[in-house]
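Novice: Below you'll find final_17.tsv; it's TSV, C-alpha atoms and all ligand atoms.
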```tsv
chain	number	residue	atom	x	y	z
A	1	MET	CA	-21.16	14.70	-2.31
A	2	LYS	CA	-19.13	13.23	0.52
A	3	ASN	CA	-22.29	12.09	2.31
A	4	GLN	CA	-23.31	10.03	-0.68
A	5	LEU	CA	-19.95	8.34	-1.06
A	6	LYS	CA	-19.71	4.64	-0.37
A	7	ILE	CA	-16.73	4.36	1.93
A	8	PRO	CA	-14.44	1.37	1.42
A	9	VAL	CA	-12.99	-0.32	4.49
A	10	HIS	CA	-9.60	-0.88	2.88
A	11	VAL	CA	-7.93	1.02	0.04
A	12	ALA	CA	-4.62	-0.14	-1.45
A	13	PHE	CA	-2.35	2.12	-3.52
A	14	ILE	CA	0.27	1.44	-6.17
A	15	MET	CA	2.13	4.75	-5.97
A	16	ASP	CA	3.43	4.87	-9.52
A	17	GLY	CA	4.88	7.70	-11.60
A	18	ASN	CA	7.34	9.34	-9.19
A	19	GLY	CA	10.16	9.04	-11.75
A	20	ARG	CA	8.12	10.53	-14.59
A	21	TRP	CA	6.84	13.32	-12.33
A	22	ALA	CA	10.48	14.27	-11.64
A	23	LYS	CA	11.58	13.90	-15.27
A	24	LYS	CA	8.85	16.28	-16.39
A	25	ARG	CA	10.39	18.87	-14.07
A	26	PHE	CA	14.01	18.10	-15.07
A	27	LEU	CA	14.63	16.81	-11.54
A	28	PRO	CA	16.42	13.62	-10.43
A	29	ARG	CA	14.13	10.59	-9.93
A	30	THR	CA	14.73	10.64	-6.19
A	31	MET	CA	13.03	14.05	-6.00
A	32	GLY	CA	9.96	12.32	-7.37
A	33	HIS	CA	10.11	9.75	-4.56
A	34	LYS	CA	10.51	12.55	-2.04
A	35	ALA	CA	7.51	14.41	-3.44
A	36	GLY	CA	5.54	11.17	-3.42
A	37	THR	CA	6.37	10.63	0.22
A	38	GLU	CA	5.29	14.14	1.19
A	39	ASN	CA	1.95	13.27	-0.29
A	40	LEU	CA	1.27	10.47	2.15
A	41	ARG	CA	0.24	12.52	5.15
A	42	SER	CA	-2.69	14.25	3.43
A	43	ILE	CA	-3.86	10.97	1.87
A	44	ILE	CA	-3.79	9.21	5.25
A	45	THR	CA	-5.56	12.11	6.97
A	46	TYR	CA	-8.23	12.24	4.25
A	47	ALA	CA	-8.74	8.48	4.49
A	48	LYS	CA	-9.07	8.69	8.25
A	49	ASN	CA	-11.47	11.63	8.12
A	50	ILE	CA	-13.91	9.85	5.84
A	51	GLY	CA	-13.82	6.63	7.85
A	52	ILE	CA	-11.53	4.32	5.87
A	53	LYS	CA	-10.04	1.81	8.31
A	54	HIS	CA	-7.08	0.43	6.35
A	55	VAL	CA	-4.78	1.88	3.72
A	56	THR	CA	-1.93	-0.04	2.11
A	57	PHE	CA	0.93	1.55	0.16
A	58	TYR	CA	3.25	-0.38	-2.17
A	59	ALA	CA	6.56	1.31	-1.32
A	60	PHE	CA	9.18	-1.26	-2.38
A	61	SER	CA	8.64	-4.47	-4.33
A	62	THR	CA	10.96	-7.49	-4.41
A	63	GLU	CA	11.61	-6.48	-8.04
A	64	ASN	CA	12.74	-2.97	-7.07
A	65	TRP	CA	16.18	-4.40	-6.12
A	66	LYS	CA	16.84	-4.35	-9.89
A	67	ARG	CA	17.00	-0.53	-9.80
A	68	PRO	CA	20.35	1.33	-9.67
A	69	LYS	CA	22.03	1.15	-6.25
A	70	ASP	CA	21.82	4.93	-5.83
A	71	GLU	CA	18.06	4.91	-6.26
A	72	ILE	CA	17.66	1.98	-3.84
A	73	ASN	CA	19.78	3.79	-1.23
A	74	ALA	CA	17.80	6.97	-1.74
A	75	LEU	CA	14.53	5.07	-1.24
A	76	MET	CA	15.85	3.52	2.00
A	77	ASN	CA	16.89	6.97	3.26
A	78	ILE	CA	13.54	8.47	2.31
A	79	LEU	CA	11.78	5.71	4.24
A	80	LEU	CA	13.99	6.21	7.26
A	81	ALA	CA	13.40	9.96	7.25
A	82	TYR	CA	9.66	9.38	6.75
A	83	LEU	CA	9.41	7.16	9.83
A	84	ARG	CA	11.48	9.55	11.94
A	85	LYS	CA	9.34	12.49	10.92
A	86	GLU	CA	5.89	10.94	10.68
A	87	THR	CA	5.54	8.67	13.69
A	88	LYS	CA	4.28	11.67	15.68
A	89	ALA	CA	1.70	12.40	12.98
A	90	PHE	CA	0.62	8.75	13.18
A	91	LEU	CA	-0.03	9.22	16.89
A	92	LYS	CA	-2.03	12.38	16.24
A	93	GLU	CA	-4.19	10.59	13.67
A	94	GLY	CA	-4.65	7.44	15.77
A	95	ALA	CA	-2.88	5.52	13.02
A	96	LYS	CA	-1.19	2.18	13.54
A	97	LEU	CA	1.79	1.26	11.37
A	98	ASN	CA	1.99	-2.25	9.94
A	99	ILE	CA	4.55	-3.62	7.49
A	100	ILE	CA	3.88	-6.33	4.94
A	101	GLY	CA	6.86	-7.99	3.29
A	102	ASP	CA	10.25	-9.34	4.30
A	103	MET	CA	12.39	-6.60	5.78
A	104	SER	CA	15.29	-8.87	6.73
A	105	SER	CA	17.41	-7.70	3.79
A	106	PHE	CA	16.90	-4.02	4.65
A	107	PRO	CA	19.53	-1.95	6.50
A	108	GLU	CA	19.46	-2.67	10.23
A	109	GLU	CA	18.93	1.00	11.03
A	110	LEU	CA	15.76	0.99	8.96
A	111	GLN	CA	14.55	-2.28	10.51
A	112	ASN	CA	15.05	-0.76	13.97
A	113	GLU	CA	13.24	2.44	13.06
A	114	VAL	CA	10.31	0.42	11.68
A	115	ALA	CA	10.19	-1.73	14.84
A	116	ASN	CA	10.21	1.45	16.93
A	117	SER	CA	7.35	3.06	14.96
A	118	ILE	CA	5.32	-0.16	15.13
A	119	GLU	CA	5.81	-0.32	18.90
A	120	ILE	CA	4.89	3.37	19.41
A	121	THR	CA	1.72	3.15	17.30
A	122	LYS	CA	0.55	-0.36	18.21
A	123	GLY	CA	-2.31	0.82	20.45
A	124	ASN	CA	-3.91	3.01	17.76
A	125	THR	CA	-7.19	1.84	16.30
A	126	THR	CA	-8.58	4.64	14.09
A	127	ILE	CA	-6.78	3.59	10.92
A	128	THR	CA	-4.10	1.03	10.02
A	129	VAL	CA	-1.40	2.17	7.60
A	130	ASN	CA	0.17	-0.84	5.92
A	131	ILE	CA	3.39	-0.25	4.04
A	132	ALA	CA	4.54	-2.98	1.66
A	133	LEU	CA	8.32	-3.29	1.81
A	134	ASN	CA	10.30	-5.90	-0.11
A	135	TYR	CA	6.90	-7.32	-0.92
A	136	SER	CA	5.55	-9.34	-3.80
A	137	GLY	CA	2.29	-11.25	-4.01
A	138	ARG	CA	3.83	-14.41	-5.43
A	139	SER	CA	6.59	-14.57	-2.83
A	140	GLU	CA	3.98	-14.04	-0.09
A	141	ILE	CA	1.97	-17.01	-1.40
A	142	VAL	CA	5.09	-19.20	-1.74
A	143	LYS	CA	6.14	-18.22	1.80
A	144	GLY	CA	2.73	-19.39	3.03
A	145	ILE	CA	3.00	-22.69	1.17
A	146	ASN	CA	6.49	-23.31	2.60
A	147	GLU	CA	5.22	-22.67	6.11
A	148	ILE	CA	2.42	-25.17	5.53
A	149	ILE	CA	4.61	-27.95	4.17
A	150	SER	CA	7.11	-27.51	6.99
A	151	ASN	CA	4.30	-28.05	9.49
A	152	ASP	CA	3.61	-31.80	9.74
A	153	ASN	CA	0.29	-31.17	11.48
A	154	VAL	CA	-1.30	-29.40	8.52
A	155	LYS	CA	-2.74	-31.90	6.01
A	156	ALA	CA	-4.95	-29.53	4.04
A	157	VAL	CA	-5.88	-25.88	3.87
A	158	THR	CA	-8.98	-23.90	3.07
A	159	GLU	CA	-9.05	-20.40	1.62
A	160	GLU	CA	-9.77	-19.15	5.10
A	161	SER	CA	-6.99	-21.06	6.83
A	162	PHE	CA	-4.51	-20.15	4.06
A	163	ASN	CA	-5.19	-16.49	4.81
A	164	LYS	CA	-3.48	-16.99	8.16
A	165	TYR	CA	-0.16	-17.62	6.40
A	166	LEU	CA	-0.20	-14.27	4.64
A	167	TYR	CA	1.29	-10.96	5.82
A	168	THR	CA	-2.23	-9.57	5.64
A	169	LYS	CA	-3.76	-12.12	8.03
A	170	ASP	CA	-5.21	-9.39	10.27
A	171	ILE	CA	-6.38	-7.10	7.47
A	172	PRO	CA	-9.56	-7.43	5.38
A	173	ASP	CA	-9.02	-7.72	1.61
A	174	PRO	CA	-8.88	-4.34	-0.17
A	175	ASP	CA	-12.22	-3.03	-1.46
A	176	LEU	CA	-10.48	-0.63	-3.81
A	177	LEU	CA	-7.06	-0.59	-5.49
A	178	ILE	CA	-5.81	2.71	-6.88
A	179	ARG	CA	-2.88	2.76	-9.30
A	180	THR	CA	-1.54	6.09	-10.49
A	181	SER	CA	0.40	7.11	-13.62
A	182	GLY	CA	-1.61	5.31	-16.28
A	183	GLU	CA	-0.06	1.84	-15.98
A	184	LEU	CA	-2.73	-0.87	-16.15
A	185	ARG	CA	-1.27	-3.79	-14.25
A	186	LEU	CA	-1.00	-5.27	-10.76
A	187	SER	CA	2.81	-5.63	-10.65
A	188	ASN	CA	2.73	-8.58	-8.25
A	189	PHE	CA	0.81	-6.65	-5.58
A	190	LEU	CA	-1.57	-8.45	-3.19
A	191	LEU	CA	-2.36	-11.13	-5.78
A	192	TRP	CA	-4.38	-13.30	-3.39
A	193	GLN	CA	-6.12	-10.41	-1.65
A	194	LEU	CA	-7.26	-8.54	-4.78
A	195	ALA	CA	-9.56	-11.34	-5.98
A	196	TYR	CA	-12.73	-9.20	-5.70
A	197	THR	CA	-11.22	-5.74	-5.35
A	198	GLU	CA	-12.48	-2.86	-7.50
A	199	LEU	CA	-9.64	-1.49	-9.63
A	200	TYR	CA	-9.19	2.22	-10.32
A	201	PHE	CA	-6.51	3.56	-12.65
A	202	THR	CA	-5.68	7.21	-13.13
A	203	ASP	CA	-3.14	8.96	-15.39
A	204	VAL	CA	-2.13	11.30	-12.54
A	205	PHE	CA	1.42	10.73	-11.27
A	206	TRP	CA	1.61	9.72	-7.60
A	207	PRO	CA	3.09	13.03	-6.30
A	208	ASP	CA	0.06	14.81	-7.81
A	209	PHE	CA	-2.46	12.37	-6.35
A	210	ASN	CA	-4.20	14.55	-3.75
A	211	GLU	CA	-7.52	14.58	-1.87
A	212	VAL	CA	-9.40	15.77	-4.98
A	213	GLU	CA	-8.05	12.83	-6.99
A	214	PHE	CA	-8.80	10.46	-4.08
A	215	GLU	CA	-12.38	11.68	-3.98
A	216	LYS	CA	-12.70	11.08	-7.75
A	217	ALA	CA	-11.66	7.48	-7.15
A	218	LEU	CA	-14.25	7.15	-4.39
A	219	VAL	CA	-16.97	8.61	-6.61
A	220	GLU	CA	-16.11	5.95	-9.21
A	221	TYR	CA	-16.04	3.25	-6.51
A	222	THR	CA	-19.46	4.38	-5.29
A	223	LYS	CA	-20.87	3.70	-8.79
A	224	ARG	CA	-19.52	0.17	-8.96
A	225	ASP	CA	-21.90	-2.74	-8.46
A	226	ARG	CA	-19.97	-5.25	-6.37
A	227	ARG	CA	-21.48	-8.66	-6.96
A	228	PHE	CA	-18.69	-10.95	-5.72
A	229	GLY	CA	-19.72	-13.45	-8.38
A	230	GLY	CA	-23.41	-13.26	-7.42
A	231	LEU	CA	-26.25	-11.19	-8.88
A	232	SER	CA	-27.24	-7.56	-8.24
A	233	ASP	CA	-29.93	-6.77	-5.71
A	234	ASP	CA	-31.95	-4.79	-8.29
B	301	LIG	C1	6.96	4.06	-8.38
B	301	LIG	O1	7.39	5.16	-9.15
B	301	LIG	C2	7.31	4.26	-7.00
B	301	LIG	C3	8.16	3.47	-6.29
B	301	LIG	C4	8.82	2.29	-6.85
B	301	LIG	C5	8.48	3.76	-4.89
B	301	LIG	C6	7.38	4.34	-4.08
B	301	LIG	C7	8.00	4.93	-2.89
B	301	LIG	C8	7.70	6.10	-2.30
B	301	LIG	C9	6.57	6.98	-2.69
B	301	LIG	C10	8.54	6.61	-1.19
B	301	LIG	C11	8.61	5.82	0.05
B	301	LIG	C12	7.34	5.34	0.58
B	301	LIG	C13	6.90	5.47	1.86
B	301	LIG	C14	5.69	4.72	2.28
B	301	LIG	C15	7.56	6.32	2.85
B	301	LIG	P1	8.47	4.90	-10.28
B	301	LIG	O2	9.81	5.17	-9.71
B	301	LIG	O3	8.32	3.52	-10.84
B	301	LIG	O4	8.06	5.98	-11.31
B	301	LIG	P2	8.18	5.86	-12.90
B	301	LIG	O5	7.33	4.68	-13.31
B	301	LIG	O6	7.61	7.16	-13.37
B	301	LIG	O7	9.62	5.69	-13.23
```
As structure tokens, please, write out the structure in this file.
Ligand code: FPP

Specialist:
Amino acid sequence: MKNQLKIPVHVAFIMDGNGRWAKKRFLPRTMGHKAGTENLRSIITYAKNIGIKHVTFYAFSTENWKRPKDEINALMNILLAYLRKETKAFLKEGAKLNIIGDMSSFPEELQNEVANSIEITKGNTTITVNIALNYSGRSEIVKGINEIISNDNVKAVTEESFNKYLYTKDIPDPDLLIRTSGELRLSNFLLWQLAYTELYFTDVFWPDFNEVEFEKALVEYTKRDRRFGGLSDD
């Protein structure tokens, strides 16, 4: 089956359902986030092994600040521990870490750890792992517009030149977006970049999203006829 799969260049993930996964097991929500984080290594390794070049994970949205302080702190600590533990695995996989979003309001310790992991993995070229932190699609677009209007030399933009003002300027648009846990929305994720992306929704909660579930998404993606507004070849 794997040989017949069409392999996307870039897959983006909305890792939803950690809270409900935990609730189902009578565990605190943060245990769901922990379980969801433990999931990442096998997903990244699987992606790398089948030749995907970019994966992007929505880890913290600008709206997530509305959550209880305890949960926000737990998420920050989980991220910190993840970077401390996984940077070695990134090196083993040839994975480069990239962050999209505005980390300036994050704890300094976390910002430093991120900078360290980016520095250590910057030479890797097998796969890029983008993590969206304090990210939202609308704020990314507004940030771009503000940069343009503060630059007196720019009189007009094209779609191509506007791309350069986005966090994703060095990354191709996602071919496939996967959202877990049965929610059917984009939640302010990569609004500009998802224009022609294939969308895949599954009821599986993120901590249960494994290689088998990933392959199901790729089987579905393989069946899609991507026309980009044009007509099919056949
Ligand atoms: C959505 O589940 C998940 C999040 C808001 C956070 C995702 C974060 C992680 C998996 C951990 C950190 C990430 C990295 C990259 C180390 P939810 O809490 O909205 O679940 P619910 O909808 O069931 O309540």

Novice: Figure out the distance between atom CA of A:Val129 and atom CA of A:Ile44, please, to one decimal in Å.

Specialist: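 That distance, rounded to one decimal, is 7.8 Å.
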
Novice: Excluding stretch 136-143 of chain A and its own-chain neighbours fewer than 4 positions away, which residues fall within 6 Å of it when counting all atoms listed in the file? Please give them as a list of chain:residue names.

Specialist: A:Ser61, A:Thr62, A:Asn188, A:Phe189, A:Leu190, A:Leu191

Novice: Let me have all residues with an atom within 6 Å of ligand LIG 301 (chain B), counting only C-alpha atoms and all ligand atoms, laid out as a list in words.

Specialist: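 Within the 6 Å cut-off, the matching residues are Met15, Asp16, Gly17, Asn18, Gly19, Arg20, His33, Gly36, Thr37, Ala59, Phe60, Leu79, Tyr82 and Ile131 of chain A.
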
Novice: Closest to A:Phe90 among A:Ser117, A:Thr168, A:Asn112, A:Asn130, using only C-alpha atoms?

Specialist: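 Under the stated criterion, the closest residue is A:Ser117.
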
Novice: Just checking: using only C-alpha atoms, which residue out of A:Ile72, A:Leu27, A:Ala217, A:Ile99 ends up closest to A:Tyr200?

Specialist: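 The shortest atom-to-atom distance to A:Tyr200 comes from A:Ala217.
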
Novice: Given the choices A:Leu75, A:Ala35, A:Leu194, A:Leu40, which gets closest to A:Asp173 if the distance is worked out from all atoms listed in the file?

Specialist: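 When distances to A:Asp173 are compared using all atoms listed in the file, the smallest one comes from A:Leu194.
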
Novice: Please return as JSON, numbers by chain every residue within 8 Å of (20.2, 11.2, -8.8), taking into account all atoms listed in the file and the file's own coordinates.

Specialist: {"A": [28, 29, 30, 70, 71]}

Novice: Show me, as an NGL selection string, the residues that have an atom within 12 Å of A:Val212 when counting all atoms listed in the file, minus same-chain residues fewer than 5 positions from it.

Specialist: :A and (2 or 42-43 or 46-47 or 204 or 217-219)

Novice: Go through A:Asp175, A:Asp208, A:Glu183, A:Glu215 and flag the residue nearest A:Tyr196, using only C-alpha atoms for the distances.

Specialist: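 Of the candidates, the smallest distance to A:Tyr196 is held by A:Asp175.
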
Novice: With distances taken over only C-alpha atoms, which of A:Leu110, A:Asn98, A:Lys6, A:Ile120 is nearest to A:Ile52?

Specialist: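 Comparing A:Leu110, A:Asn98, A:Lys6, A:Ile120 against A:Ile52, the winner is A:Lys6.
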
Novice: I'd like to know which of A:Gly182, A:Pro207, A:Thr128, A:Ile100 is closest to A:Met31, using only C-alpha atoms.

Specialist: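 Answer, going by the shortest atom-to-atom distance: A:Pro207.
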
Novice: Name all residues at most 7 Å from A:Ile14 (count all atoms listed in the file; drop same-chain ones fewer than 3 positions away) and give them as a list in words.

Specialist: Phe57, Tyr58, Ile178, Arg179 and Thr180 of chain A

Novice: Can you pull out every residue within 12 Å of stretch 148-150 of chain A, counting all atoms listed in the file, but drop anything in the same chain fewer than 5 positions away, and send it as a ChimeraX atom specification?

Specialist: /A:141-143,155-158,161-166

Novice: If I take atom CA of A:Thr56 and atom CA of A:Glu119, how far is one from the other in Å, to one decimal?

Specialist: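 If I compute the distance from atom CA of A:Thr56 to atom CA of A:Glu119, I get 18.5 Å.
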
Novice: What is the atom CA of A:Phe201 to atom CA of A:Pro68 distance in Å?

Specialist: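 Those two atoms sit 27.1 Å apart.
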
Novice: Just add N, CA, C and O atoms to stretch 183-200 of chain A and send it as an mmCIF file, in the frame of the given file.

Specialist:
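Result written to selection.cif:
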```cif
data_model
loop_
_atom_site.group_PDB
_atom_site.id
_atom_site.type_symbol
_atom_site.label_atom_id
_atom_site.label_comp_id
_atom_site.auth_asym_id
_atom_site.auth_seq_id
_atom_site.Cartn_x
_atom_site.Cartn_y
_atom_site.Cartn_z
ATOM 1 N N GLU A 183 -0.440 3.244 -15.727
ATOM 2 C CA GLU A 183 -0.060 1.840 -15.980
ATOM 3 C C GLU A 183 -1.221 0.946 -15.554
ATOM 4 O O GLU A 183 -1.771 1.116 -14.473
ATOM 5 N N LEU A 184 -1.553 -0.038 -16.415
ATOM 6 C CA LEU A 184 -2.730 -0.870 -16.150
ATOM 7 C C LEU A 184 -2.316 -2.289 -15.791
ATOM 8 O O LEU A 184 -2.526 -3.221 -16.560
ATOM 9 N N ARG A 185 -1.642 -2.440 -14.682
ATOM 10 C CA ARG A 185 -1.270 -3.790 -14.250
ATOM 11 C C ARG A 185 -1.163 -3.845 -12.734
ATOM 12 O O ARG A 185 -1.158 -2.814 -12.065
ATOM 13 N N LEU A 186 -1.041 -5.097 -12.222
ATOM 14 C CA LEU A 186 -1.000 -5.270 -10.760
ATOM 15 C C LEU A 186 0.419 -5.333 -10.214
ATOM 16 O O LEU A 186 0.628 -5.158 -9.014
ATOM 17 N N SER A 187 1.402 -5.612 -11.079
ATOM 18 C CA SER A 187 2.810 -5.630 -10.650
ATOM 19 C C SER A 187 3.036 -6.447 -9.378
ATOM 20 O O SER A 187 3.731 -5.999 -8.461
ATOM 21 N N ASN A 188 2.432 -7.646 -9.348
ATOM 22 C CA ASN A 188 2.730 -8.580 -8.250
ATOM 23 C C ASN A 188 2.304 -8.059 -6.873
ATOM 24 O O ASN A 188 2.910 -8.398 -5.857
ATOM 25 N N PHE A 189 1.274 -7.241 -6.841
ATOM 26 C CA PHE A 189 0.810 -6.650 -5.580
ATOM 27 C C PHE A 189 -0.422 -7.382 -5.077
ATOM 28 O O PHE A 189 -1.405 -7.524 -5.806
ATOM 29 N N LEU A 190 -0.405 -7.879 -3.878
ATOM 30 C CA LEU A 190 -1.570 -8.450 -3.190
ATOM 31 C C LEU A 190 -2.389 -9.394 -4.084
ATOM 32 O O LEU A 190 -3.617 -9.300 -4.150
ATOM 33 N N LEU A 191 -1.688 -10.305 -4.767
ATOM 34 C CA LEU A 191 -2.360 -11.130 -5.780
ATOM 35 C C LEU A 191 -3.514 -11.942 -5.206
ATOM 36 O O LEU A 191 -4.555 -12.083 -5.833
ATOM 37 N N TRP A 192 -3.324 -12.505 -4.035
ATOM 38 C CA TRP A 192 -4.380 -13.300 -3.390
ATOM 39 C C TRP A 192 -5.527 -12.391 -2.927
ATOM 40 O O TRP A 192 -6.708 -12.673 -3.131
ATOM 41 N N GLN A 193 -5.153 -11.279 -2.337
ATOM 42 C CA GLN A 193 -6.120 -10.410 -1.650
ATOM 43 C C GLN A 193 -6.982 -9.592 -2.609
ATOM 44 O O GLN A 193 -8.048 -9.112 -2.225
ATOM 45 N N LEU A 194 -6.523 -9.416 -3.861
ATOM 46 C CA LEU A 194 -7.260 -8.540 -4.780
ATOM 47 C C LEU A 194 -8.351 -9.265 -5.570
ATOM 48 O O LEU A 194 -8.931 -8.691 -6.501
ATOM 49 N N ALA A 195 -8.642 -10.512 -5.188
ATOM 50 C CA ALA A 195 -9.560 -11.340 -5.980
ATOM 51 C C ALA A 195 -10.854 -10.611 -6.357
ATOM 52 O O ALA A 195 -11.308 -10.706 -7.496
ATOM 53 N N TYR A 196 -11.459 -9.889 -5.424
ATOM 54 C CA TYR A 196 -12.730 -9.200 -5.700
ATOM 55 C C TYR A 196 -12.651 -7.690 -5.515
ATOM 56 O O TYR A 196 -13.674 -7.008 -5.358
ATOM 57 N N THR A 197 -11.440 -7.179 -5.567
ATOM 58 C CA THR A 197 -11.220 -5.740 -5.350
ATOM 59 C C THR A 197 -11.618 -4.936 -6.598
ATOM 60 O O THR A 197 -11.356 -5.371 -7.719
ATOM 61 N N GLU A 198 -12.213 -3.776 -6.390
ATOM 62 C CA GLU A 198 -12.480 -2.860 -7.500
ATOM 63 C C GLU A 198 -11.183 -2.159 -7.873
ATOM 64 O O GLU A 198 -10.446 -1.702 -6.984
ATOM 65 N N LEU A 199 -10.900 -2.078 -9.168
ATOM 66 C CA LEU A 199 -9.640 -1.490 -9.630
ATOM 67 C C LEU A 199 -9.897 -0.096 -10.196
ATOM 68 O O LEU A 199 -10.851 0.105 -10.954
ATOM 69 N N TYR A 200 -9.050 0.842 -9.816
ATOM 70 C CA TYR A 200 -9.190 2.220 -10.320
ATOM 71 C C TYR A 200 -7.818 2.691 -10.803
ATOM 72 O O TYR A 200 -6.836 2.655 -10.058
#
```
